[in-house]
Each structure stands twice: as structure tokens, then as C-alpha cells.
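Q: Next up is a structure, given as C-alpha cells.
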Amino acid sequence: MKEREPAAPATPSPGDAGARALSAAAWLSAVLALGKFAVGLATGSLAVLASAADSFADALMSAANGWGYRQARVPADEDHPFGHGKWEGALAVGQGTLLLGIVGGICVSAALALIRAEEVRWPLAGVAVLLVSGISSGLLTFVLGRVRGRSVVVAADAAHYRIDLAAAAAGVAGLLLVRATGRHWIDPLLGLGAAALMARECAGVLRKGLAELLDESLPPAELSRLEAILAAHRDRYLDLHGLRTRRSGPVRFIEVHLVFPAEAPLGAVHRAVQDIGDSIREAFPGSRVLVHPDAAGH
Ligand SMILES: [Zn+2]
Ligand SMILES: [Zn+2]
């Protein structure tokens with residue numbers, strides 16, 4: 001007996017909160033990149049030009065995430081009967097790796113500055129640009145953090161802006177402390193401290209992406225909700241086994257085998273399977289549910 005196919009998840013509407021937040025992040029970063037580039041050219045400050053390059057990379061990453069978010073919501077087709085949700089996990093793993101490389105670069109330059117006992121010299125324009133970067137990263141962290149649902153690309157984008165926020169905060173704090181104390185090693189030391197926080201964010205992005213690619217089970221809270229639904233229908237089947245769950249982008253896949261008396265009428269079994277499947281779909285909108293009936297003793 002086969003469950004009726006639930007409707008495939010639709011492509012995101014233009015009003016989709018995740019898609020909207022990601023494209024806002026891409027546009028804000030692009031505008032910042034242009035502004036910083038203009039300031040950098042006008043003042044000749046290398047620090048400002050480097051910050052412009054970072055904002056440009058931010059815009060590209062957010063645009064890539066927005067693209068992946070949409071791609072993951074393209075309905076299942078003949079070639080991809082399970083849908084395209086794995087785009088999210090693949091993008092998160094790629095981005096986590098890239099960000100880890102950037103954090104490694106920050107560590108190397110901070111270590112070199114410490115060893116060479118470099119003097120920190122930042123023009124006023126550089127400080128202003130750090131402040132603007134920090135504020136916009138904080139804003140984007142907030143906006144992306146408010147998106148409901150558990151999209152790993154939205155989480156990866158938010159982690160990226162938290163990393164930029166940490167870098168800007170460490171930069172501003174370093175400059176102020178160096179000014180106040182005259183000790184130049186404070187700045188690279190703060191940079192190393194921020195890099196440790198950033199490495200944690202990268203690990204989180206990689207872990208979430210890999211969990212989805214490796215078909216990790218749904219989180220414990222969702223599993224216990226699922227078990228509660230099955231328990232509520234406990235009088236309609238004898239036993240259950242083979243409960244398996246996974247997630248692919250926006251779609252959860254849930255399957256379970258229910259055992260019925262061998263002599264139970266097919267119509268009643270089918271109704272039970274249908275009702276239980278519907279209850280699960282209602283609790284997990286957009287999920288693909290397969291309830292398979294087994295005959296006791298067979
Ligand atoms: Zn960045
Ligand atoms: Zn079975």
C-alpha cells in the first residue's frame with residue numbers, strides 16, 4: 001500500500017522571510033563595498049580598501065546563499081525525486097571551509113604583527129569604516145537571526161556576519177586601548193582572541209552543513225513531538241518499528257512501519273495509515289511522510 005504523495009514544497013514566494021533577509025544582506029554589503037571603495041580611493045588608506053574587499057566578499061557570499069536558498073526550494077523533479085534541499089548543506093560546508101581559511105589568515109597576520117612588534121597606525125577614515133562595518137554586521141546578524149525555520153544557509157550567513165562583527169569590535173577596541181595605553185601589542189592580541197570566537201562560528205557552520213548532508217536525524221525536540229503523535233494513535237496499531245527521519249533543506253523526511261493484526265480489514269488499515277500520516281504532516285508542514293503497514297507475525 002502506498003501513501004498518497006504530499007504536495008512538493010513550492011519555490012519561495014518573493015515574500016519568503018529567508019530569501020528576503022539574504023538578499024537584503026547581499027545588497028547592504030554591496031552598497032558598503034562601493035562606499036568603502038570610494039573612501040579608500042579618496043584617502044588612499046589601505047585599511048579602508050581592504051575593508052571594501054571584505055564587504056565585496058560578503059555581498060558575494062550572501063548572494064550565493066540567497067541563490068542556494070532558492071535552489072533548495074525548487075520542487076522535486078524526475079532527476080531529483082527527493083527535491084533539491086541538499087544545496088543548503090553543500091553551500092554551508094563550502095562556506096564554513098572558506099570562512100575557516102579567512103580566520104586562518106587573520107591569525108597569521110595577528111601573529112606576525114605580534115612577533116614584529118608592529119606599531120598600529122589607523123587613519124581616522126579607517127576607524128570610521130570599522131565602526132560602519134560593525135554596525136551593519138550587527139544589523140544583519142539581527143535580521144538574519146529573526147528568520148524562522150532552520151535553514152542552514154541562513155544560519156551560515158548569520159554566522160558570517162557575527163564573525164565580521166567580532167572582527168570590527170576587536171579592531172575598534174584594539175585601537176582605543178592602544179591609544180589609551182600606548183601598548184601596541186594589545187591590538188594583535190585582541191585580533192587573536194576574536195579569531196578564536198570566529199573559529200567556533202566556522203565549526204558551527206560546518207557541523208550544521210555536514211549534519212544535513214549525512215542525513216542526521218531530526219533534533220530531539222522534533223523527535224519527541226513525532227513520538228507523541230504516534231503515541232496518541234497507539235490504539236490503532238499493535239506495534240511500530242523503523243522510525244527514520246532526516247532533513248534536506250526545507251523538507252523533513254519521516255518514515256515509520258506500523259504493525260496491524262494480520263486479519264485486519266484493508267480499509268481500516270488504510271484509514272489508520274492515512275490519519276496518522278495526516279497528523280504528522282499537520283505537525284510538520286511541508287514534510288514527506290511514509291507510513292508503511294506491516295501484518296503481525298508476517
Ligand atoms: Zn565578511
Ligand atoms: Zn516493517
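Note on naming: chains are A, B, ... as they come in the C-alpha cells, residues start from 1 per chain, ligands start from 1 in the order shown.
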Using only C-alpha atoms, determine which residues lie at most 9 Å from Gly85 (chain A), disregarding the query and same-chain residues fewer than 2 positions distant; provide the list as a PyMOL selection string.
A: chain A and resi 68-69+71-74+82-83+87-89+247-251
Q: For the residues in the current selection, export N, CA, C and O atoms as an mmCIF file, in the first residue's frame.
A:
```cif
data_model
loop_
_atom_site.group_PDB
_atom_site.id
_atom_site.type_symbol
_atom_site.label_atom_id
_atom_site.label_comp_id
_atom_site.auth_asym_id
_atom_site.auth_seq_id
_atom_site.Cartn_x
_atom_site.Cartn_y
_atom_site.Cartn_z
ATOM 1 N N GLY A 68 21.359 29.653 -3.249
ATOM 2 C CA GLY A 68 21.224 28.290 -2.739
ATOM 3 C C GLY A 68 19.896 28.089 -2.022
ATOM 4 O O GLY A 68 19.274 27.032 -2.134
ATOM 5 N N TYR A 69 19.472 29.112 -1.290
ATOM 6 C CA TYR A 69 18.202 29.042 -0.559
ATOM 7 C C TYR A 69 17.049 28.807 -1.539
ATOM 8 O O TYR A 69 16.176 27.984 -1.306
ATOM 9 N N GLN A 71 17.386 27.652 -4.689
ATOM 10 C CA GLN A 71 17.654 26.384 -5.366
ATOM 11 C C GLN A 71 17.119 25.214 -4.539
ATOM 12 O O GLN A 71 16.543 24.277 -5.070
ATOM 13 N N ALA A 72 17.322 25.291 -3.214
ATOM 14 C CA ALA A 72 16.904 24.207 -2.319
ATOM 15 C C ALA A 72 15.389 24.070 -2.282
ATOM 16 O O ALA A 72 14.871 23.053 -1.833
ATOM 17 N N ARG A 73 14.670 25.104 -2.735
ATOM 18 C CA ARG A 73 13.207 25.080 -2.690
ATOM 19 C C ARG A 73 12.570 24.817 -4.045
ATOM 20 O O ARG A 73 11.351 24.891 -4.180
ATOM 21 N N VAL A 74 13.385 24.511 -5.051
ATOM 22 C CA VAL A 74 12.838 24.096 -6.347
ATOM 23 C C VAL A 74 12.159 22.735 -6.135
ATOM 24 O O VAL A 74 12.740 21.848 -5.507
ATOM 25 N N PHE A 82 13.787 13.418 -4.642
ATOM 26 C CA PHE A 82 13.751 13.833 -3.235
ATOM 27 C C PHE A 82 13.880 15.345 -3.097
ATOM 28 O O PHE A 82 14.079 15.858 -2.002
ATOM 29 N N GLY A 83 13.826 16.075 -4.194
ATOM 30 C CA GLY A 83 13.948 17.524 -4.133
ATOM 31 C C GLY A 83 15.398 17.966 -4.208
ATOM 32 O O GLY A 83 16.292 17.155 -4.473
ATOM 33 N N TRP A 87 21.246 21.361 -1.503
ATOM 34 C CA TRP A 87 22.005 22.562 -1.857
ATOM 35 C C TRP A 87 22.394 23.322 -0.596
ATOM 36 O O TRP A 87 23.466 23.901 -0.511
ATOM 37 N N GLU A 88 21.486 23.344 0.383
ATOM 38 C CA GLU A 88 21.756 24.117 1.601
ATOM 39 C C GLU A 88 22.959 23.548 2.351
ATOM 40 O O GLU A 88 23.859 24.284 2.732
ATOM 41 N N GLY A 89 22.969 22.221 2.556
ATOM 42 C CA GLY A 89 24.082 21.604 3.270
ATOM 43 C C GLY A 89 25.393 21.796 2.524
ATOM 44 O O GLY A 89 26.430 22.117 3.114
ATOM 45 N N ARG A 247 16.558 15.378 7.152
ATOM 46 C CA ARG A 247 16.144 16.669 6.669
ATOM 47 C C ARG A 247 16.969 17.030 5.445
ATOM 48 O O ARG A 247 18.166 16.768 5.382
ATOM 49 N N SER A 248 16.312 17.622 4.454
ATOM 50 C CA SER A 248 17.010 18.064 3.256
ATOM 51 C C SER A 248 16.526 19.474 2.955
ATOM 52 O O SER A 248 15.431 19.653 2.430
ATOM 53 N N GLY A 249 17.321 20.477 3.329
ATOM 54 C CA GLY A 249 16.894 21.864 3.141
ATOM 55 C C GLY A 249 15.600 22.111 3.883
ATOM 56 O O GLY A 249 15.512 21.851 5.079
ATOM 57 N N PRO A 250 14.565 22.592 3.183
ATOM 58 C CA PRO A 250 13.320 22.930 3.869
ATOM 59 C C PRO A 250 12.436 21.715 4.154
ATOM 60 O O PRO A 250 11.415 21.849 4.818
ATOM 61 N N VAL A 251 12.782 20.540 3.630
ATOM 62 C CA VAL A 251 11.879 19.384 3.694
ATOM 63 C C VAL A 251 12.363 18.358 4.715
ATOM 64 O O VAL A 251 13.523 17.963 4.712
#
```
Q: Can you check which residues of region 54-233 of chain A DSSP gives as alpha helix (DSSP H) on the backbone and send them as a ChimeraX atom specification?
A: /A:54-71,86-115,124-145,152-181,186-213,220-232
Q: Please extract the residues at most 12 Å from ligand 2, counting only C-alpha atoms and all ligand atoms, and provide them as a PyMOL selection string, using the chain letters and residue numbers of this document.
A: chain A and resi 239-244+255-260+290-298
Q: Can you pull out every residue within 10 Å of Leu139 (chain A), counting only C-alpha atoms, but drop anything in the same chain fewer than 6 positions away, and send it as a PyMOL selection string?
A: chain A and resi 25+133+145+161-162+165
Q: Put those residues in a file: N, CA and C atoms, as a PDB file, in the first residue's frame.
A:
```pdb
ATOM      1  N   ALA A  25      20.911  41.328   2.889  1.00  0.00           N
ATOM      2  CA  ALA A  25      22.317  41.255   3.310  1.00  0.00           C
ATOM      3  C   ALA A  25      23.241  41.478   2.115  1.00  0.00           C
ATOM      4  N   SER A 133      31.227  49.184   9.532  1.00  0.00           N
ATOM      5  CA  SER A 133      31.194  47.732   9.314  1.00  0.00           C
ATOM      6  C   SER A 133      30.562  47.023  10.501  1.00  0.00           C
ATOM      7  N   GLY A 145      19.021  36.535  12.173  1.00  0.00           N
ATOM      8  CA  GLY A 145      18.697  35.723  13.339  1.00  0.00           C
ATOM      9  C   GLY A 145      17.203  35.628  13.584  1.00  0.00           C
ATOM     10  N   TYR A 161      28.239  37.071   9.473  1.00  0.00           N
ATOM     11  CA  TYR A 161      28.185  38.472   9.921  1.00  0.00           C
ATOM     12  C   TYR A 161      28.538  38.597  11.400  1.00  0.00           C
ATOM     13  N   ARG A 162      28.316  37.527  12.185  1.00  0.00           N
ATOM     14  CA  ARG A 162      28.798  37.563  13.573  1.00  0.00           C
ATOM     15  C   ARG A 162      30.328  37.597  13.584  1.00  0.00           C
ATOM     16  N   LEU A 165      31.335  41.043  12.730  1.00  0.00           N
ATOM     17  CA  LEU A 165      31.060  41.901  13.890  1.00  0.00           C
ATOM     18  C   LEU A 165      32.184  41.752  14.917  1.00  0.00           C
TER      19      LEU A 165
END
```
Q: Name the residues of region 145-286 of chain A that fall into strand (DSSP E or B) according to DSSP on the backbone, using the chain letters and numbers of this document, as a PyMOL selection string.
A: chain A and resi 239-248+251-260
Q: Out of A:Met61, A:Ala17, A:Ala113, A:Leu266, which residue has the shortest atom-to-atom distance to Arg148 (chain A) when counting only C-alpha atoms?
A: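 Smallest separation from Arg148 (chain A) among the options: A:Ala17.
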Q: Find the residues near ligand 1. Use a cut-off of 10 Å, count only C-alpha atoms and all ligand atoms, and write them as a VMD selection string.
A: chain A and resid 29 51 to 62 99 102 133 137 157 159 to 165 167
Q: Applying 9 Å and only C-alpha atoms, which residues near Asp278 (chain A) remain after dropping the ones on its own chain fewer than 5 positions away? List them as a PyMOL selection string.
A: chain A and resi 273+283+289
Q: Any chance you could export the current selection's N, CA, C and O atoms as an mmCIF file, in the first residue's frame?
A:
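Saved file selection_15.cif follows:
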```cif
data_model
loop_
_atom_site.group_PDB
_atom_site.id
_atom_site.type_symbol
_atom_site.label_atom_id
_atom_site.label_comp_id
_atom_site.auth_asym_id
_atom_site.auth_seq_id
_atom_site.Cartn_x
_atom_site.Cartn_y
_atom_site.Cartn_z
ATOM 1 N N VAL A 273 -3.486 4.343 8.525
ATOM 2 C CA VAL A 273 -2.226 4.830 7.940
ATOM 3 C C VAL A 273 -2.395 6.270 7.452
ATOM 4 O O VAL A 273 -1.544 7.135 7.677
ATOM 5 N N ALA A 283 1.612 18.470 11.808
ATOM 6 C CA ALA A 283 2.554 18.972 12.815
ATOM 7 C C ALA A 283 3.856 19.448 12.170
ATOM 8 O O ALA A 283 4.528 20.330 12.702
ATOM 9 N N VAL A 289 5.991 12.234 4.354
ATOM 10 C CA VAL A 289 5.758 11.207 5.363
ATOM 11 C C VAL A 289 5.409 9.894 4.681
ATOM 12 O O VAL A 289 4.592 9.858 3.766
#
```
Q: Can you tell me, as an MDAnalysis selection string, what residues are no more than 7 Å from region 205-213 of chain A when counting only C-alpha atoms, ignoring any on the same chain fewer than 6 positions away?
A: chainID A and resid 86 89:90 92:93 96 152 156 247:248
